[in-house]
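One file, model-v4.txt, is given below (compact mmCIF, C-alpha atoms).
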# COMPACT_ATOMS: atom_id res chain seq x y z
CA MET A 1286 14.95 7.20 13.14
CA HIS A 1287 15.71 4.62 10.48
CA LYS A 1288 18.65 5.76 8.37
CA TYR A 1289 19.11 5.28 4.65
CA ALA A 1290 22.45 5.07 2.86
CA GLY A 1291 23.94 8.52 2.45
CA GLU A 1292 21.14 10.18 4.38
CA THR A 1293 21.73 13.60 5.94
CA SER A 1294 18.72 14.23 8.14
CA MET A 1295 17.89 17.83 9.13
CA ALA A 1296 16.52 16.91 12.53
CA GLU A 1297 15.47 13.88 14.50
CA PHE A 1298 12.08 12.50 13.55
CA ASP A 1299 10.12 11.10 16.49
CA SER A 1300 8.19 8.16 15.07
CA ASP A 1301 6.28 7.58 18.32
CA ASP A 1302 4.98 11.15 18.38
CA PHE A 1303 4.00 10.98 14.72
CA MET A 1304 2.14 7.70 15.12
CA SER A 1305 0.34 8.99 18.20
CA ASP A 1306 -0.83 12.03 16.25
CA PHE A 1307 -1.68 9.84 13.27
CA GLN A 1308 -3.90 7.63 15.39
CA ALA A 1309 -5.61 10.65 16.95
CA LEU A 1310 -6.36 12.14 13.53
CA ILE A 1311 -7.74 8.90 12.08
CA GLU A 1312 -9.89 8.32 15.17
CA CYS A 1313 -11.24 11.86 14.94
CA GLU A 1314 -13.73 11.17 12.16
CA SER A 1315 -14.23 14.00 9.68
CA PHE A 1316 -16.79 13.15 7.03
CA SER A 1317 -17.12 16.00 4.55
CA ASN A 1318 -20.87 16.35 5.19
CA ASP A 1319 -20.70 16.18 8.99
CA LEU A 1320 -20.00 19.73 10.14
CA SER A 1321 -19.76 18.90 13.85
CA SER A 1322 -17.15 16.20 13.21
CA LEU A 1323 -15.24 18.58 10.95
CA ALA A 1324 -15.20 21.17 13.74
CA ARG A 1325 -13.66 18.61 16.11
CA SER A 1326 -11.14 17.61 13.46
CA ALA A 1327 -10.17 21.24 12.80
CA ARG A 1328 -9.55 21.75 16.51
CA LEU A 1329 -7.33 18.67 16.63
CA VAL A 1330 -5.36 19.69 13.52
CA SER A 1331 -4.94 23.15 15.05
CA ARG A 1332 -3.72 21.75 18.35
CA ILE A 1333 -1.18 19.43 16.73
CA GLY A 1334 0.05 22.14 14.37
CA THR A 1335 0.27 24.80 17.05
CA GLY A 1336 2.43 22.55 19.18
CA MET A 1337 4.72 21.67 16.28
CA LEU A 1338 4.93 25.07 14.59
CA GLY A 1339 4.82 27.47 17.53
CA ALA A 1340 1.86 29.49 16.26
CA ALA A 1341 -1.91 29.12 16.22
CA PRO A 1342 -3.70 29.02 12.88
CA GLN A 1343 -6.63 30.98 11.59
CA ILE A 1344 -9.87 29.03 11.19
CA ILE A 1345 -11.79 30.17 8.11
CA GLU A 1346 -15.33 28.84 7.73
CA THR A 1347 -17.19 28.56 4.45
CA ASP A 1348 -20.67 27.05 4.56
CA GLY A 1349 -19.81 25.65 7.99
CA HIS A 1350 -16.64 23.90 6.78
CA PRO A 1351 -13.62 24.87 8.96
CA HIS A 1352 -10.41 25.40 6.96
CA VAL A 1353 -7.19 25.66 8.98
CA LEU A 1354 -4.63 28.21 7.76
CA TRP A 1355 -1.17 29.08 9.03
CA ARG A 1356 0.49 32.13 7.40
CA PHE A 1357 4.03 32.78 8.55
CA GLY A 1358 5.36 36.29 8.01
CA THR A 1359 3.57 39.18 6.37
CA GLY A 1360 5.37 39.33 3.05
CA PRO A 1361 4.65 37.55 -0.23
CA ARG A 1362 4.13 33.81 -0.13
CA LYS A 1363 7.16 31.78 -1.16
CA VAL A 1364 5.91 28.25 -0.53
CA VAL A 1365 2.33 27.06 -0.01
CA LEU A 1366 1.57 23.62 1.40
CA ILE A 1367 -1.93 22.28 0.75
CA GLY A 1368 -3.82 19.44 2.41
CA HIS A 1369 -7.31 18.58 3.63
CA HIS A 1370 -8.72 17.04 6.80
CA ASP A 1371 -12.12 15.94 5.49
CA THR A 1372 -12.66 12.36 4.33
CA VAL A 1373 -15.22 10.42 2.29
CA TRP A 1374 -15.93 8.12 5.24
CA PRO A 1375 -19.34 8.59 6.97
CA THR A 1376 -19.28 9.15 10.70
CA GLY A 1377 -19.37 5.79 12.46
CA THR A 1378 -17.06 4.02 10.00
CA LEU A 1379 -14.49 3.48 12.76
CA ALA A 1380 -16.78 0.91 14.38
CA ASP A 1381 -15.92 -1.67 11.72
CA PHE A 1382 -12.86 -0.09 10.11
CA PRO A 1383 -10.72 0.95 13.09
CA TYR A 1384 -7.23 2.39 13.21
CA SER A 1385 -4.63 -0.36 13.21
CA VAL A 1386 -0.93 -0.88 12.56
CA ASN A 1387 0.36 -4.30 11.53
CA ASP A 1388 3.75 -5.05 9.99
CA GLY A 1389 4.30 -1.38 9.19
CA VAL A 1390 0.92 -0.92 7.48
CA VAL A 1391 -1.38 1.76 8.91
CA ARG A 1392 -5.08 1.27 8.24
CA GLY A 1393 -8.20 3.25 8.97
CA PRO A 1394 -10.49 5.85 7.39
CA GLY A 1395 -8.36 8.65 5.97
CA ALA A 1396 -5.02 6.90 6.57
CA ASP A 1397 -3.92 7.54 2.98
CA ASP A 1398 -6.36 10.29 2.01
CA MET A 1399 -5.13 12.23 3.79
CA LYS A 1400 -4.67 12.31 7.54
CA GLY A 1401 -1.10 11.07 7.10
CA GLY A 1402 -0.37 13.58 4.35
CA LEU A 1403 -1.40 16.63 6.34
CA LEU A 1404 0.64 15.36 9.27
CA ILE A 1405 3.68 14.94 7.01
CA ALA A 1406 3.35 18.61 6.04
CA ILE A 1407 3.19 19.72 9.68
CA TYR A 1408 6.15 17.60 10.78
CA ALA A 1409 8.22 18.74 7.80
CA LEU A 1410 7.60 22.40 8.60
CA SER A 1411 8.59 21.73 12.19
CA MET A 1412 11.95 20.46 10.86
CA VAL A 1413 12.34 23.56 8.71
CA ARG A 1414 11.55 25.81 11.66
CA ALA A 1415 14.15 24.02 13.78
CA GLU A 1416 16.73 24.39 11.00
CA LEU A 1417 16.05 27.99 9.94
CA GLY A 1418 14.49 29.48 13.04
CA SER A 1419 11.63 30.90 10.98
CA LEU A 1420 8.93 29.93 8.51
CA ASP A 1421 8.48 33.41 7.04
CA GLY A 1422 6.93 33.21 3.59
CA VAL A 1423 5.26 29.83 4.17
CA SER A 1424 1.53 29.11 4.19
CA LEU A 1425 0.03 25.82 5.32
CA LEU A 1426 -3.63 25.37 4.41
CA ILE A 1427 -5.63 22.33 5.54
CA THR A 1428 -9.10 22.50 3.99
CA ALA A 1429 -12.36 20.84 4.99
CA ASP A 1430 -14.23 20.34 1.71
CA GLU A 1431 -11.78 18.83 -0.78
CA GLU A 1432 -13.77 15.61 -1.13
CA LEU A 1433 -16.76 17.75 -2.18
CA GLY A 1434 -14.78 19.51 -4.91
CA SER A 1435 -13.51 22.38 -2.71
CA PRO A 1436 -16.47 24.70 -3.34
CA GLY A 1437 -15.77 26.91 -0.33
CA SER A 1438 -12.00 26.61 -0.08
CA ARG A 1439 -11.11 27.14 -3.73
CA GLN A 1440 -10.81 30.90 -3.39
CA ILE A 1441 -8.64 30.55 -0.28
CA ILE A 1442 -6.37 28.06 -2.06
CA GLU A 1443 -6.00 30.29 -5.09
CA ASP A 1444 -5.37 33.41 -3.00
CA GLU A 1445 -2.61 31.70 -1.02
CA ALA A 1446 -0.99 30.14 -4.09
CA ARG A 1447 -1.17 33.09 -6.45
CA GLU A 1448 2.35 34.48 -7.01
CA ALA A 1449 3.93 31.92 -4.69
CA LYS A 1450 7.17 30.32 -5.85
CA ALA A 1451 5.83 26.81 -5.34
CA ALA A 1452 2.82 24.81 -4.16
CA LEU A 1453 3.32 21.42 -2.51
CA VAL A 1454 0.26 19.17 -2.26
CA PHE A 1455 -0.01 16.29 0.21
CA GLU A 1456 -2.35 13.88 -1.50
CA SER A 1457 -0.96 10.35 -1.39
CA GLY A 1458 1.84 9.26 -3.69
CA ALA A 1459 1.74 6.24 -5.98
CA SER A 1460 2.28 2.78 -4.49
CA ASP A 1461 6.02 2.88 -5.25
CA GLY A 1462 6.46 6.40 -3.84
CA ALA A 1463 6.13 8.23 -7.15
CA VAL A 1464 4.98 11.84 -6.92
CA LYS A 1465 2.23 13.24 -9.15
CA ILE A 1466 3.28 15.66 -11.87
CA ALA A 1467 0.05 15.83 -13.85
CA ARG A 1468 -3.65 15.59 -13.13
CA LYS A 1469 -6.51 15.85 -15.56
CA GLY A 1470 -8.82 18.81 -15.31
CA VAL A 1471 -12.35 18.05 -14.16
CA ALA A 1472 -15.64 19.37 -15.51
CA ILE A 1473 -19.08 18.34 -14.27
CA TYR A 1474 -22.27 19.10 -16.17
CA GLN A 1475 -25.97 18.35 -16.10
CA LEU A 1476 -28.07 18.49 -19.25
CA GLU A 1477 -31.75 19.13 -18.55
CA VAL A 1478 -34.38 18.38 -21.20
CA THR A 1479 -37.91 19.81 -21.18
CA GLY A 1480 -40.59 18.20 -23.29
CA LEU A 1481 -44.36 18.01 -22.93
CA ALA A 1482 -46.38 15.32 -21.19
CA SER A 1483 -49.31 13.55 -22.80
CA HIS A 1484 -51.02 10.18 -22.50
CA ALA A 1485 -48.70 7.60 -24.05
CA GLY A 1486 -51.58 5.36 -25.20
CA VAL A 1487 -54.36 7.79 -26.04
CA GLU A 1488 -52.62 10.79 -27.65
CA PRO A 1489 -48.84 10.34 -27.74
CA GLU A 1490 -48.60 12.67 -30.75
CA LYS A 1491 -49.55 15.58 -28.50
CA GLY A 1492 -46.48 15.05 -26.33
CA ILE A 1493 -42.85 16.09 -26.75
CA ASN A 1494 -40.79 13.10 -25.67
CA ALA A 1495 -37.94 14.10 -23.36
CA THR A 1496 -36.60 10.52 -23.31
CA ILE A 1497 -36.04 10.53 -27.07
CA GLU A 1498 -34.42 13.95 -26.85
CA VAL A 1499 -32.06 13.00 -24.03
CA ALA A 1500 -31.16 9.75 -25.81
CA ASN A 1501 -30.19 11.69 -28.93
CA GLN A 1502 -28.14 14.10 -26.83
CA VAL A 1503 -26.32 11.25 -25.07
CA ILE A 1504 -25.12 9.98 -28.45
CA GLU A 1505 -23.80 13.45 -29.31
CA ILE A 1506 -22.16 13.83 -25.91
CA ALA A 1507 -20.45 10.44 -26.03
CA ALA A 1508 -19.00 11.28 -29.46
CA LEU A 1509 -16.89 14.02 -27.82
CA HIS A 1510 -14.89 11.36 -25.93
CA LYS A 1511 -11.29 11.39 -27.23
CA PRO A 1512 -9.00 9.06 -25.25
CA SER A 1513 -6.16 9.46 -27.77
CA VAL A 1514 -5.46 12.91 -26.30
CA GLY A 1515 -6.41 12.06 -22.70
CA THR A 1516 -9.97 13.40 -22.87
CA SER A 1517 -12.96 11.55 -21.44
CA VAL A 1518 -16.57 12.65 -21.79
CA VAL A 1519 -18.90 10.24 -20.03
CA PRO A 1520 -22.69 10.49 -19.74
CA THR A 1521 -23.44 9.16 -16.26
CA VAL A 1522 -26.61 9.27 -14.15
CA MET A 1523 -29.78 9.72 -16.21
CA THR A 1524 -33.43 10.05 -15.24
CA SER A 1525 -36.49 10.54 -17.43
CA GLY A 1526 -40.25 10.46 -17.22
CA SER A 1527 -42.73 9.79 -14.46
CA THR A 1528 -44.93 6.81 -15.40
CA THR A 1529 -44.92 4.18 -18.14
CA ASN A 1530 -48.14 5.52 -19.68
CA THR A 1531 -47.01 9.16 -19.89
CA VAL A 1532 -44.91 10.77 -22.61
CA PRO A 1533 -41.92 12.06 -20.59
CA ALA A 1534 -41.88 15.80 -20.01
CA LYS A 1535 -38.52 15.95 -18.20
CA ALA A 1536 -35.16 14.22 -18.51
CA VAL A 1537 -31.74 14.85 -17.00
CA VAL A 1538 -28.32 13.37 -17.72
CA GLY A 1539 -25.08 13.99 -15.80
CA ILE A 1540 -21.79 14.37 -17.64
CA ASP A 1541 -18.31 13.79 -16.23
CA SER A 1542 -15.47 15.14 -18.37
CA ARG A 1543 -11.72 14.90 -17.74
CA ALA A 1544 -9.02 16.47 -19.90
CA ALA A 1545 -5.23 16.53 -19.80
CA SER A 1546 -4.97 20.03 -21.27
CA ALA A 1547 -6.77 23.33 -20.85
CA ASN A 1548 -7.34 23.49 -24.61
CA GLU A 1549 -9.23 20.21 -24.50
CA GLN A 1550 -11.34 21.42 -21.60
CA VAL A 1551 -12.33 24.48 -23.63
CA ARG A 1552 -13.12 22.32 -26.68
CA ILE A 1553 -15.47 20.11 -24.68
CA ASP A 1554 -17.09 23.02 -22.89
CA GLU A 1555 -17.80 24.85 -26.14
CA ALA A 1556 -19.12 21.70 -27.81
CA LEU A 1557 -21.51 20.94 -24.96
CA ARG A 1558 -22.79 24.50 -24.95
CA ALA A 1559 -23.39 24.28 -28.71
CA LEU A 1560 -25.76 21.29 -28.43
CA THR A 1561 -29.19 21.93 -29.94
CA PRO A 1562 -32.51 20.06 -29.60
CA THR A 1563 -33.30 17.27 -32.07
CA VAL A 1564 -36.99 16.71 -31.24
CA ALA A 1565 -39.41 19.41 -32.40
CA GLY A 1566 -40.49 21.56 -29.47
CA ALA A 1567 -37.99 20.15 -26.98
CA LYS A 1568 -35.77 22.47 -24.97
CA ILE A 1569 -32.38 21.74 -23.48
CA GLU A 1570 -30.37 23.56 -20.80
CA LEU A 1571 -26.76 22.83 -19.82
CA LYS A 1572 -25.76 23.47 -16.22
CA GLY A 1573 -22.38 23.18 -14.53
CA GLY A 1574 -18.97 23.67 -16.10
CA ILE A 1575 -15.26 23.38 -15.51
CA ASN A 1576 -14.48 22.59 -11.87
CA ARG A 1577 -10.71 22.19 -11.99
CA ALA A 1578 -8.19 23.15 -14.64
CA PRO A 1579 -5.58 20.49 -15.42
CA LEU A 1580 -2.31 20.25 -13.57
CA GLU A 1581 -0.15 20.04 -16.69
CA GLU A 1582 3.33 18.54 -16.58
CA ASP A 1583 5.12 21.77 -17.39
CA MET A 1584 3.82 23.22 -14.11
CA ALA A 1585 5.49 20.41 -12.13
CA MET A 1586 8.70 19.47 -13.93
CA GLY A 1587 10.95 22.06 -12.29
CA LEU A 1588 9.87 21.06 -8.78
CA TYR A 1589 10.00 17.39 -9.71
CA ALA A 1590 13.62 17.67 -10.89
CA ARG A 1591 14.47 19.47 -7.64
CA ALA A 1592 12.73 16.77 -5.60
CA GLN A 1593 14.57 14.01 -7.49
CA ARG A 1594 17.90 15.63 -6.72
CA LEU A 1595 17.08 16.13 -3.05
CA ALA A 1596 15.75 12.58 -2.67
CA GLY A 1597 19.03 11.30 -4.06
CA ARG A 1598 21.01 13.45 -1.68
CA LEU A 1599 18.97 12.11 1.23
CA GLY A 1600 19.64 8.53 0.18
CA HIS A 1601 16.01 7.78 -0.63
CA PRO A 1602 14.94 5.34 -3.35
CA PRO A 1603 14.96 6.97 -6.84
CA LEU A 1604 11.96 9.29 -7.08
CA ARG A 1605 9.62 8.53 -9.96
CA SER A 1606 6.62 10.45 -11.27
CA VAL A 1607 3.15 9.60 -12.52
CA ALA A 1608 0.26 11.37 -14.23
CA VAL A 1609 -3.22 10.57 -12.94
CA GLY A 1610 -6.79 11.21 -14.00
CA GLY A 1611 -8.26 12.33 -10.68
CA GLY A 1612 -8.27 15.97 -9.60
CA SER A 1613 -6.96 17.57 -6.41
CA ASP A 1614 -6.42 21.03 -5.00
CA GLY A 1615 -3.16 21.00 -6.94
CA ASN A 1616 -5.27 21.67 -10.03
CA PHE A 1617 -6.26 24.99 -8.47
CA THR A 1618 -2.73 26.04 -7.56
CA ALA A 1619 -1.48 25.20 -11.04
CA GLY A 1620 -4.50 26.95 -12.51
CA VAL A 1621 -3.34 30.30 -11.10
CA GLY A 1622 0.12 29.78 -12.54
CA THR A 1623 1.97 28.43 -9.50
CA PRO A 1624 4.49 25.61 -10.05
CA THR A 1625 2.95 22.61 -8.29
CA LEU A 1626 4.15 19.20 -7.12
CA ASP A 1627 1.51 16.76 -5.89
CA GLY A 1628 1.56 13.35 -4.23
CA LEU A 1629 3.92 14.28 -1.39
CA GLY A 1630 1.74 12.61 1.22
CA THR A 1631 1.71 9.04 2.42
CA VAL A 1632 2.59 6.08 0.22
CA GLY A 1633 0.10 3.25 0.38
CA GLY A 1634 -3.15 2.80 -1.49
CA GLY A 1635 -6.84 1.94 -1.35
CA SER A 1636 -8.10 5.50 -0.88
CA HIS A 1637 -11.90 5.65 -0.52
CA ALA A 1638 -12.01 1.85 -0.05
CA ARG A 1639 -11.80 -0.57 2.89
CA THR A 1640 -8.29 -1.42 1.72
CA GLU A 1641 -7.07 2.13 2.49
CA HIS A 1642 -3.62 2.04 4.06
CA ALA A 1643 -0.32 3.89 4.44
CA LEU A 1644 3.16 2.39 4.71
CA GLN A 1645 5.16 3.49 7.74
CA ILE A 1646 8.53 3.14 6.03
CA TRP A 1647 7.75 6.01 3.66
CA ILE A 1648 6.69 8.51 6.33
CA PRO A 1649 10.17 9.73 7.41
CA ARG A 1650 11.27 9.86 3.77
CA ARG A 1651 8.35 12.11 2.84
CA ILE A 1652 8.93 14.37 5.84
CA GLU A 1653 12.63 14.75 5.02
CA LEU A 1654 11.97 15.36 1.33
CA THR A 1655 9.35 18.00 2.06
CA ALA A 1656 11.56 19.71 4.63
CA ALA A 1657 14.46 19.77 2.17
CA LEU A 1658 12.25 21.19 -0.60
CA VAL A 1659 10.83 23.94 1.59
CA THR A 1660 14.25 24.85 3.03
CA GLU A 1661 15.81 25.11 -0.41
CA LEU A 1662 12.92 27.17 -1.80
CA LEU A 1663 12.99 29.56 1.17
CA GLY A 1664 16.73 30.03 0.77
CA GLU A 1665 16.41 31.35 -2.78
CA VAL A 1666 15.95 35.04 -3.52

Please render this file's structure as structure tokens.
Amino acid sequence: MHKYAGETSMAEFDSDDFMSDFQALIECESFSNDLSSLARSARLVSRIGTGMLGAAPQIIETDGHPHVLWRFGTGPRKVVLIGHHDTVWPTGTLADFPYSVNDGVVRGPGADDMKGGLLIAIYALSMVRAELGSLDGVSLLITADEELGSPGSRQIIEDEAREAKAALVFESGASDGAVKIARKGVAIYQLEVTGLASHAGVEPEKGINATIEVANQVIEIAALHKPSVGTSVVPTVMTSGSTTNTVPAKAVVGIDSRAASANEQVRIDEALRALTPTVAGAKIELKGGINRAPLEEDMAMGLYARAQRLAGRLGHPPLRSVAVGGGSDGNFTAGVGTPTLDGLGTVGGGSHARTEHALQIWIPRRIELTAALVTELLGEV
């Protein structure tokens, strides 16, 4: 294993074994909407983890999505590690975006989001087990629907994290190795407008124009956007009408909202639910709501300070932090009151794009840092 100045490694890291497992995971495609590929991926994750951790996991299925859960010990959870094995890449992507390693750069579908991250969690827990002889109080959950918004795994995540001392999330870190201490909360809505159809040329006055109504509502919705406090409210996909000679009877607009604080999420939610029709006779209905609460900085700062100290002790580069707009399962763990540190996975970039990659040099650092965090947390009363 490559050594860094001042490093005190807990156990030897076998780079060849890791890279072999990494290749196997990337080449086991696991598109979020392909249940058969997810089943194969879950079996592979289970096999790798069982060999490293000395225990078989439980497979929990929700809507056909296989989530892989290890629970060590029967007492309260002390540390919960969260990852996912599904990817955004459709089955067959490997044909023209294969696994490769060149000059220390690992490429392939899911390399950075997050086949490498879940493997880092497994290898780190193997180090902890070798050091302490036990993983009592630890849960490791690898879900299968994160890229869909975690509709089936959310309850499992929250149940495992609730009352735990800490949640560690293995989404990728920033390009310089920074961990993620804040994520915006996510809310997704759909505003449906009902008007009344009529002939646009012969008797337009008999219609109730859903296009005019939805256009007026879009202006009201966009006015809620408040970037000065980290809030975005964005009307997105919109459809209206059926033919050019018919007064539109139906219209729909999607709304994506992100907020840095729970208070802002509530403000937007209440404002959207207070919208009223502007065209006589039109009806509006708001569907959807808050999907993820924010991961606010105060939920991460204690763990971040601990991670900074441990990274220094291990001789790693100084550990920085970033706040990001995208959501993760760390939003759920923070939402139930569990201190959460995110971005402990691979360091690279290009997630969800053909430039997706992970840097080999950061892998042992992340494993050591995670192992040190878990060991220290388990050692506290």

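The smallest atom-to-atom distance between A:Gly1437 and any of A:Pro1603, A:Pro1520, A:Gly1349, A:Gly1622, using all atoms listed in the file, is found for A:Gly1349.
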
Could you name the residues that touch stretch 1461-1475 of chain A at 7 Å or less, counting all atoms listed in the file, but leaving out those on the same chain fewer than 4 positions away, as a PyMOL selection string? chain A and resi 1537-1545+1571-1582+1585-1586+1604-1612+1616+1626-1629+1632

Atom CA of A:Ala1565 to atom CA of A:Ile1497: how many Å, to one decimal?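 The value is 10.9 Å.
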
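If you look at atom CA of A:Arg1650 and atom CA of A:Gly1600, they are 9.2 Å away from each other.
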
Choose the residue, out of A:Leu1426, A:Leu1366, A:Ala1643, A:Ile1569, that has the smallest atom-to-atom separation from A:Ala1409; count all atoms listed in the file.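 Once distances to A:Ala1409 are computed over all atoms listed in the file, the minimum belongs to A:Leu1366.
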
Show which residues sit within 12 Å of A:Asp1348, as a list in words. Count only C-alpha atoms, and ignore same-chain residues fewer than 2 positions away.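 Here the answer would be Ser1317, Asn1318, Asp1319, Leu1320, Leu1323, Ile1345, Glu1346, His1350, Pro1351, His1352, Ala1429, Asp1430, Ser1435, Pro1436, Gly1437 and Ser1438 of chain A.
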
Test item: which residues lie within 10 Å of (13.3, 18.7, 7.8) counting all atoms listed in the file, as a list in words: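 Within the cut-off we find Ser1294, Met1295, Ala1296, Glu1297, Phe1298, Tyr1408, Ala1409, Leu1410, Ser1411, Met1412, Val1413, Arg1414, Ala1415, Glu1416, Leu1417, Pro1649, Arg1650, Arg1651, Ile1652, Glu1653, Leu1654, Thr1655, Ala1656, Ala1657, Leu1658, Val1659 and Thr1660 of chain A.
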
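Distances from A:Met1523, A:Pro1361, A:Cys1313, A:Lys1491 to A:Thr1378 were compared using all atoms listed in the file, and the smallest one belongs to A:Cys1313.
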
For A:Val1518, the closest of A:Thr1372, A:Thr1531, A:Ser1419, A:Gln1550 counting only C-alpha atoms is A:Gln1550

Do you have the atom CA of A:Gly1360-atom CA of A:Asp1421 distance handy?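 So the answer is 7.8 Å.
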